[in-house]
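**Student:** First the structure, which I've put down as structure tokens, then a few questions once you've had a look.
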Amino acid sequence: GAEIIDAKGGYITPGLIDAHTHISNFNEPDTMPSLCKDGNEMSDPITPQVRAADAINPWDYAIEKVRDAGFTTVCTLPGSANVIGGTGIVYKLRGHTAEEMILPGTEQMKMALGENPKRVFGTSNKMPMTRMGTAALLRQTLHDAKVYSDALLAAEKDPSKEPPKPDFKMDALVPVVRGEMRCRIHSHRADDICTAMKICEEFGLKYSIEHVTEGYKIVDVLQKKQVTCVVGPHLWAPVKEEIRGMNVENTGILANAGLHVCITADTASQTQYLPMTVGMLMCHGLSEEAAFRGVTIEPATLLGVADRVGSIEVGKDADLAVFTGHPFSSMSKCVVTMIDGCVVHQG
């Protein structure tokens, strides 16, 4: 009574994973001029209390497009307007409520350095106006969260001690400063990457670097610290100064240095074109193995769901994709996507 799917001549892969998207939070179709997207709460540079999960729309335009391209799991993060932007969440591209889609316990805190916070807040004469201000604001907030966390622990151990006054922002950062929640830090330029690593080390944070556009300039530093790099997008023009150093060799250089590399489209519905982009990266030094790992087991590991997805193994969720040819060829098509053993796309 089993359903038979004829995949002869094709490729079967684990369901593809993008570890850094804005699917469902960037509100497609867009408008011109654009309305406020749900992915950036730009009222304050420090908004750790907001959650991407609260803006997940199961009927979002991007979900079907990306699922039909072979993706089964994604992580949607708040955008990079804020120094601390809130928590992202991992979910599967199926279900009709956010609660059905979300994989519990996968929250990760988004942070950002570089141009974006400066542009959003600095142009309104609000901190941060400079890279110095961004780093100072991040340090101050993490310090305050550490003090708050320590006071909570002290009150738990000694009932005679008064716990701190409840603080919604600080509560969201407690697992971060305790090393229980990963930080995902937007950093394009090499100096911003180094600042991110330095601050994380100061506070003992668990982290990954997002974009890593100029990672090739400091590959020895990244290699020494064994930083997980979420690399992309790769198809931008130099729309801002901090990405003028972008090149298509970067991903291969980082992977060849032995780093854990995830490959991202950093977008919403355009995530559907990430497999073809990976093929382009293979033409510029990225090995086939690193290419497959970069959209399967590496993001699964980063997101804390490698026990369920990211490879084809007995005991894992039956998340699979079937392609007519090599998955990273522009001449190939995804003809079947399966999530949890159920066919969600066929054609």
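In the structure tokens, the first chain shown is A, the next is B, and so on; residue numbers restart at 1 for each chain, and ligands run from 1 in the order shown.
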Would you mind listing what lies within 8 Å of A:Ala135 as a ChimeraX atom specification, with only C-alpha atoms counted and same-chain residues fewer than 4 positions away left out?

**Tutor:** /A:113,131,139,195,199

**Student:** Which residues of stretch 136-169 of chain A sit at most 10 Å from stretch 80-90 of chain A, using only C-alpha atoms? Give each one's shortest atom pair and distance in Å (one decimal place), in chain and ascending residue order, as a tab-separated table.

**Tutor:**
```
residue	atom	partner	partner_atom	distance
A:Leu137	CA	A:Val83	CA	7.8
A:Leu138	CA	A:Val83	CA	6.7
A:Thr141	CA	A:Ile84	CA	9.1
A:Lys169	CA	A:Gly86	CA	9.5
```

**Student:** List as a ChimeraX atom specification the protein and nucleic acid residues near A:Arg244, meaning an atom at most 10 Å away when only C-alpha atoms are counted, but skip any in the same chain fewer than 6 places from it.

**Tutor:** /A:188-189,213-214,236-238

**Student:** Create the file for the chosen residues now, containing C-alpha atoms and written as a compact mmCIF listing (two decimals), in the first residue's frame.

**Tutor:**
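Saved to out.txt:
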```txt
# COMPACT_ATOMS: atom_id res chain seq x y z
CA HIS A 188 29.96 42.17 6.76
CA ARG A 189 33.28 44.00 7.09
CA THR A 213 31.36 39.07 3.55
CA GLU A 214 35.01 39.94 4.15
CA TRP A 236 23.90 41.64 -4.34
CA ALA A 237 25.34 44.60 -6.15
CA PRO A 238 27.40 46.93 -3.92
```

**Student:** Per DSSP on the backbone, what are the helix (DSSP H, G or I) residues of stretch 88-137 of chain A, as a PyMOL selection string?

**Tutor:** chain A and resi 98-101+115-122+131-137

**Student:** Which residues are near A:Cys342? Cut-off 10 Å, only C-alpha atoms, ignore same chain within fewer than 6 positions. Put them as a count of residues only.

**Tutor:** 4

**Student:** Determine the nearest neighbour of A:Tyr11 from the options A:Ala268, A:Pro159, A:Gly70, A:Glu107, counting only C-alpha atoms.

**Tutor:**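 Of all the options, A:Gly70 lies closest to A:Tyr11.
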
**Student:** Counting only C-alpha atoms, which residues of stretch 36-152 of chain A sit at most 10 Å from some atom of stretch 291-301 of chain A, and what is each one's closest atom pair with its distance in Å to one decimal, listed by chain and rising residue number, as CSV?

**Tutor:**
```
residue,atom,partner,partner_atom,distance
A:Phe71,CA,A:Val295,CA,9.1
A:Thr73,CA,A:Ala300,CA,8.7
A:Val74,CA,A:Pro299,CA,8.9
A:Cys75,CA,A:Pro299,CA,9.1
A:Val90,CA,A:Ala300,CA,9.8
```

**Student:** Could you turn the residues from that selection into a file that holds C-alpha atoms, as a PDB file, in the first residue's frame?

**Tutor:**
```pdb
ATOM      1  CA  PHE A  71      13.592  23.525   1.125  1.00  0.00           C
ATOM      2  CA  THR A  73      13.322  23.816   7.131  1.00  0.00           C
ATOM      3  CA  VAL A  74      14.332  27.452   7.569  1.00  0.00           C
ATOM      4  CA  CYS A  75      15.289  29.861  10.306  1.00  0.00           C
ATOM      5  CA  VAL A  90      13.341  27.509  13.204  1.00  0.00           C
TER       6      VAL A  90
END
```

**Student:** I'd like the contact shell of stretch 216-224 of chain A - 10 Å cut-off, only C-alpha atoms, skipping same-chain residues fewer than 6 positions apart - returned as a PyMOL selection string.

**Tutor:** chain A and resi 189-191+193-194+197+209+245-247+249-255+257-260

**Student:** Write out as a list in words the residues lying within 10 Å of A:Leu77, counting only C-alpha atoms and excluding same-chain residues fewer than 5 positions away.

**Tutor:** Ala19, His20, Thr21, His22, Ile23, Asn25, Gly39, Asn40, Arg51, Ala52, Ala53, Gly85, Gly86, Thr87, Gly88, Ile89, Val90, Glu107, Gln108, Met109, Lys110, Met111, Arg184 and Asp266 of chain A

**Student:** Go ahead and write the residues just picked, N, CA, C and O atoms, as a compact mmCIF listing (two decimals), in the first residue's frame.

**Tutor:**
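Generated output (result-v7.txt):
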```
# COMPACT_ATOMS: atom_id res chain seq x y z
N ALA A 19 19.65 28.67 6.93
CA ALA A 19 19.77 29.04 8.34
C ALA A 19 19.53 30.52 8.61
O ALA A 19 19.48 30.93 9.77
N HIS A 20 19.35 31.32 7.56
CA HIS A 20 19.20 32.77 7.77
C HIS A 20 18.26 33.32 6.71
O HIS A 20 18.68 33.71 5.62
N THR A 21 16.97 33.33 7.01
CA THR A 21 16.00 33.88 6.08
C THR A 21 15.15 34.94 6.76
O THR A 21 15.25 35.17 7.97
N HIS A 22 14.30 35.55 5.95
CA HIS A 22 13.30 36.48 6.46
C HIS A 22 11.92 36.09 5.93
O HIS A 22 11.02 36.92 5.81
N ILE A 23 11.80 34.81 5.62
CA ILE A 23 10.53 34.28 5.10
C ILE A 23 9.42 34.54 6.11
O ILE A 23 9.58 34.29 7.30
N ASN A 25 8.43 37.13 7.45
CA ASN A 25 8.58 38.38 8.21
C ASN A 25 8.80 39.59 7.31
O ASN A 25 8.73 40.72 7.77
N GLY A 39 9.82 42.33 9.89
CA GLY A 39 11.10 41.79 10.32
C GLY A 39 12.01 42.74 11.07
O GLY A 39 13.06 42.33 11.55
N ASN A 40 11.63 44.02 11.16
CA ASN A 40 12.47 45.00 11.87
C ASN A 40 11.59 45.89 12.74
O ASN A 40 10.79 46.67 12.22
N ARG A 51 9.84 38.79 18.91
CA ARG A 51 10.05 37.42 18.45
C ARG A 51 9.58 37.27 17.00
O ARG A 51 8.43 37.62 16.67
N ALA A 52 10.45 36.77 16.15
CA ALA A 52 10.05 36.50 14.77
C ALA A 52 8.86 35.55 14.73
O ALA A 52 8.03 35.61 13.81
N ALA A 53 8.76 34.69 15.74
CA ALA A 53 7.66 33.72 15.78
C ALA A 53 6.30 34.40 15.77
O ALA A 53 5.31 33.83 15.28
N GLY A 85 18.06 42.67 17.77
CA GLY A 85 16.79 42.73 17.05
C GLY A 85 15.71 41.79 17.52
O GLY A 85 14.57 41.89 17.07
N GLY A 86 16.03 40.85 18.40
CA GLY A 86 15.03 39.90 18.87
C GLY A 86 15.37 38.48 18.47
O GLY A 86 16.43 38.22 17.89
N THR A 87 14.48 37.56 18.80
CA THR A 87 14.77 36.14 18.56
C THR A 87 14.20 35.66 17.23
O THR A 87 13.08 35.97 16.86
N GLY A 88 15.03 34.88 16.54
CA GLY A 88 14.58 34.15 15.37
C GLY A 88 14.09 32.79 15.78
O GLY A 88 14.28 32.36 16.93
N ILE A 89 13.48 32.08 14.82
CA ILE A 89 12.90 30.77 15.13
C ILE A 89 13.06 29.83 13.94
O ILE A 89 13.07 30.26 12.79
N VAL A 90 13.21 28.55 14.23
CA VAL A 90 13.34 27.51 13.20
C VAL A 90 11.98 26.86 13.01
O VAL A 90 11.28 26.55 13.97
N GLU A 107 14.96 29.00 19.50
CA GLU A 107 15.13 30.45 19.45
C GLU A 107 16.61 30.84 19.45
O GLU A 107 17.42 30.23 20.15
N GLN A 108 16.95 31.83 18.65
CA GLN A 108 18.31 32.35 18.60
C GLN A 108 18.23 33.88 18.49
O GLN A 108 17.37 34.40 17.80
N MET A 109 19.12 34.56 19.20
CA MET A 109 19.06 36.02 19.30
C MET A 109 19.83 36.71 18.17
O MET A 109 21.00 36.43 17.95
N LYS A 110 19.14 37.58 17.46
CA LYS A 110 19.76 38.31 16.35
C LYS A 110 20.39 39.61 16.84
O LYS A 110 19.79 40.36 17.61
N MET A 111 21.61 39.88 16.38
CA MET A 111 22.32 41.13 16.67
C MET A 111 22.92 41.64 15.37
O MET A 111 23.01 40.90 14.38
N ARG A 184 23.24 35.38 16.79
CA ARG A 184 23.48 35.38 15.35
C ARG A 184 23.82 36.83 14.97
O ARG A 184 22.94 37.69 14.94
N ASP A 266 19.64 34.82 2.49
CA ASP A 266 19.31 36.00 3.29
C ASP A 266 18.14 36.77 2.67
O ASP A 266 18.22 37.97 2.44
```

**Student:** Grab the atom CA of A:His284 to atom CA of A:Ala321 distance for me, in Å with one decimal place.

**Tutor:** 25.1 Å

**Student:** With distances taken over only C-alpha atoms, which residue among A:Leu303, A:Gly310, A:Met276, A:Val66 lies nearest A:Met331?

**Tutor:**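 With only C-alpha atoms as the atom set, the closest residue is A:Met276.
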
**Student:** Which value, in Å to one decimal, gives the distance between atom CA of A:Ser149 and atom CA of A:Val177?

**Tutor:**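 Between these atoms lies a distance of 7.7 Å.
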
**Student:** If you measure from atom CA of A:Pro58 to atom CA of A:Val344, what distance in Å do you get, rounded to one decimal?

**Tutor:**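 Here the two named atoms are 13.8 Å from each other.
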
**Student:** When distances are computed from only C-alpha atoms, which of A:Ala145, A:Leu205, A:Ala172, A:Ala112 shows the smallest separation from A:His186?

**Tutor:** A:Ala112

**Student:** Tell me which protein, DNA and RNA residues are within 10 Å of A:Lys333, counting only C-alpha atoms, leaving out same-chain ones fewer than 3 positions away, and put them as a PDB file with N, CA, C and O atoms, in the first residue's frame.

**Tutor:**
```pdb
ATOM      1  N   GLY A  10      17.383  10.806 -11.227  1.00  0.00           N
ATOM      2  CA  GLY A  10      17.450  12.078 -10.515  1.00  0.00           C
ATOM      3  C   GLY A  10      18.371  12.029  -9.311  1.00  0.00           C
ATOM      4  O   GLY A  10      19.137  11.080  -9.128  1.00  0.00           O
ATOM      5  N   ASP A  68       8.737  24.496  -2.792  1.00  0.00           N
ATOM      6  CA  ASP A  68       8.747  23.853  -4.119  1.00  0.00           C
ATOM      7  C   ASP A  68      10.143  23.782  -4.711  1.00  0.00           C
ATOM      8  O   ASP A  68      10.360  23.058  -5.690  1.00  0.00           O
ATOM      9  N   ALA A  69      11.085  24.514  -4.133  1.00  0.00           N
ATOM     10  CA  ALA A  69      12.474  24.464  -4.594  1.00  0.00           C
ATOM     11  C   ALA A  69      13.295  23.449  -3.816  1.00  0.00           C
ATOM     12  O   ALA A  69      14.502  23.332  -4.043  1.00  0.00           O
ATOM     13  N   GLY A  70      12.658  22.708  -2.890  1.00  0.00           N
ATOM     14  CA  GLY A  70      13.353  21.652  -2.168  1.00  0.00           C
ATOM     15  C   GLY A  70      13.705  21.974  -0.737  1.00  0.00           C
ATOM     16  O   GLY A  70      14.294  21.150  -0.035  1.00  0.00           O
ATOM     17  N   VAL A 322      13.657  15.740  -4.268  1.00  0.00           N
ATOM     18  CA  VAL A 322      14.052  14.992  -5.467  1.00  0.00           C
ATOM     19  C   VAL A 322      14.229  15.992  -6.607  1.00  0.00           C
ATOM     20  O   VAL A 322      13.319  16.785  -6.893  1.00  0.00           O
ATOM     21  N   PHE A 323      15.388  15.941  -7.256  1.00  0.00           N
ATOM     22  CA  PHE A 323      15.711  16.844  -8.356  1.00  0.00           C
ATOM     23  C   PHE A 323      15.901  16.048  -9.646  1.00  0.00           C
ATOM     24  O   PHE A 323      16.381  14.911  -9.617  1.00  0.00           O
ATOM     25  N   THR A 324      15.589  16.678 -10.766  1.00  0.00           N
ATOM     26  CA  THR A 324      15.734  16.009 -12.060  1.00  0.00           C
ATOM     27  C   THR A 324      17.194  15.819 -12.440  1.00  0.00           C
ATOM     28  O   THR A 324      17.537  14.923 -13.209  1.00  0.00           O
ATOM     29  N   GLY A 325      18.071  16.669 -11.957  1.00  0.00           N
ATOM     30  CA  GLY A 325      19.501  16.587 -12.224  1.00  0.00           C
ATOM     31  C   GLY A 325      20.261  17.056 -11.003  1.00  0.00           C
ATOM     32  O   GLY A 325      19.717  17.069  -9.887  1.00  0.00           O
ATOM     33  N   HIS A 326      21.499  17.447 -11.193  1.00  0.00           N
ATOM     34  CA  HIS A 326      22.286  17.917 -10.051  1.00  0.00           C
ATOM     35  C   HIS A 326      21.530  19.064  -9.378  1.00  0.00           C
ATOM     36  O   HIS A 326      21.127  20.029 -10.031  1.00  0.00           O
ATOM     37  N   PRO A 327      21.328  18.987  -8.063  1.00  0.00           N
ATOM     38  CA  PRO A 327      20.505  19.993  -7.378  1.00  0.00           C
ATOM     39  C   PRO A 327      20.997  21.430  -7.522  1.00  0.00           C
ATOM     40  O   PRO A 327      20.206  22.367  -7.389  1.00  0.00           O
ATOM     41  N   PHE A 328      22.287  21.610  -7.801  1.00  0.00           N
ATOM     42  CA  PHE A 328      22.827  22.963  -7.871  1.00  0.00           C
ATOM     43  C   PHE A 328      23.020  23.445  -9.305  1.00  0.00           C
ATOM     44  O   PHE A 328      23.682  24.457  -9.551  1.00  0.00           O
ATOM     45  N   SER A 329      22.414  22.755 -10.239  1.00  0.00           N
ATOM     46  CA  SER A 329      22.453  23.169 -11.637  1.00  0.00           C
ATOM     47  C   SER A 329      21.223  23.993 -11.968  1.00  0.00           C
ATOM     48  O   SER A 329      20.105  23.664 -11.553  1.00  0.00           O
ATOM     49  N   SER A 330      21.415  25.040 -12.737  1.00  0.00           N
ATOM     50  CA  SER A 330      20.275  25.855 -13.168  1.00  0.00           C
ATOM     51  C   SER A 330      19.393  25.102 -14.156  1.00  0.00           C
ATOM     52  O   SER A 330      18.280  25.540 -14.462  1.00  0.00           O
ATOM     53  N   VAL A 336       9.928  16.805  -6.345  1.00  0.00           N
ATOM     54  CA  VAL A 336       9.240  16.307  -5.146  1.00  0.00           C
ATOM     55  C   VAL A 336       9.879  16.935  -3.919  1.00  0.00           C
ATOM     56  O   VAL A 336      11.102  16.972  -3.796  1.00  0.00           O
ATOM     57  N   GLY A 347       5.688  17.915  -8.868  1.00  0.00           N
ATOM     58  CA  GLY A 347       5.352  18.481 -10.177  1.00  0.00           C
ATOM     59  C   GLY A 347       6.580  18.864 -10.975  1.00  0.00           C
ATOM     60  O   GLY A 347       7.676  18.857 -10.489  1.00  0.00           O
TER      61      GLY A 347
END
```

**Student:** Which of these residues is nearest to A:Pro128, using only C-alpha atoms: A:Pro233, A:Gly114, A:Pro78, A:Pro29?

**Tutor:**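 Checking each candidate against A:Pro128, we get A:Gly114 as the closest.
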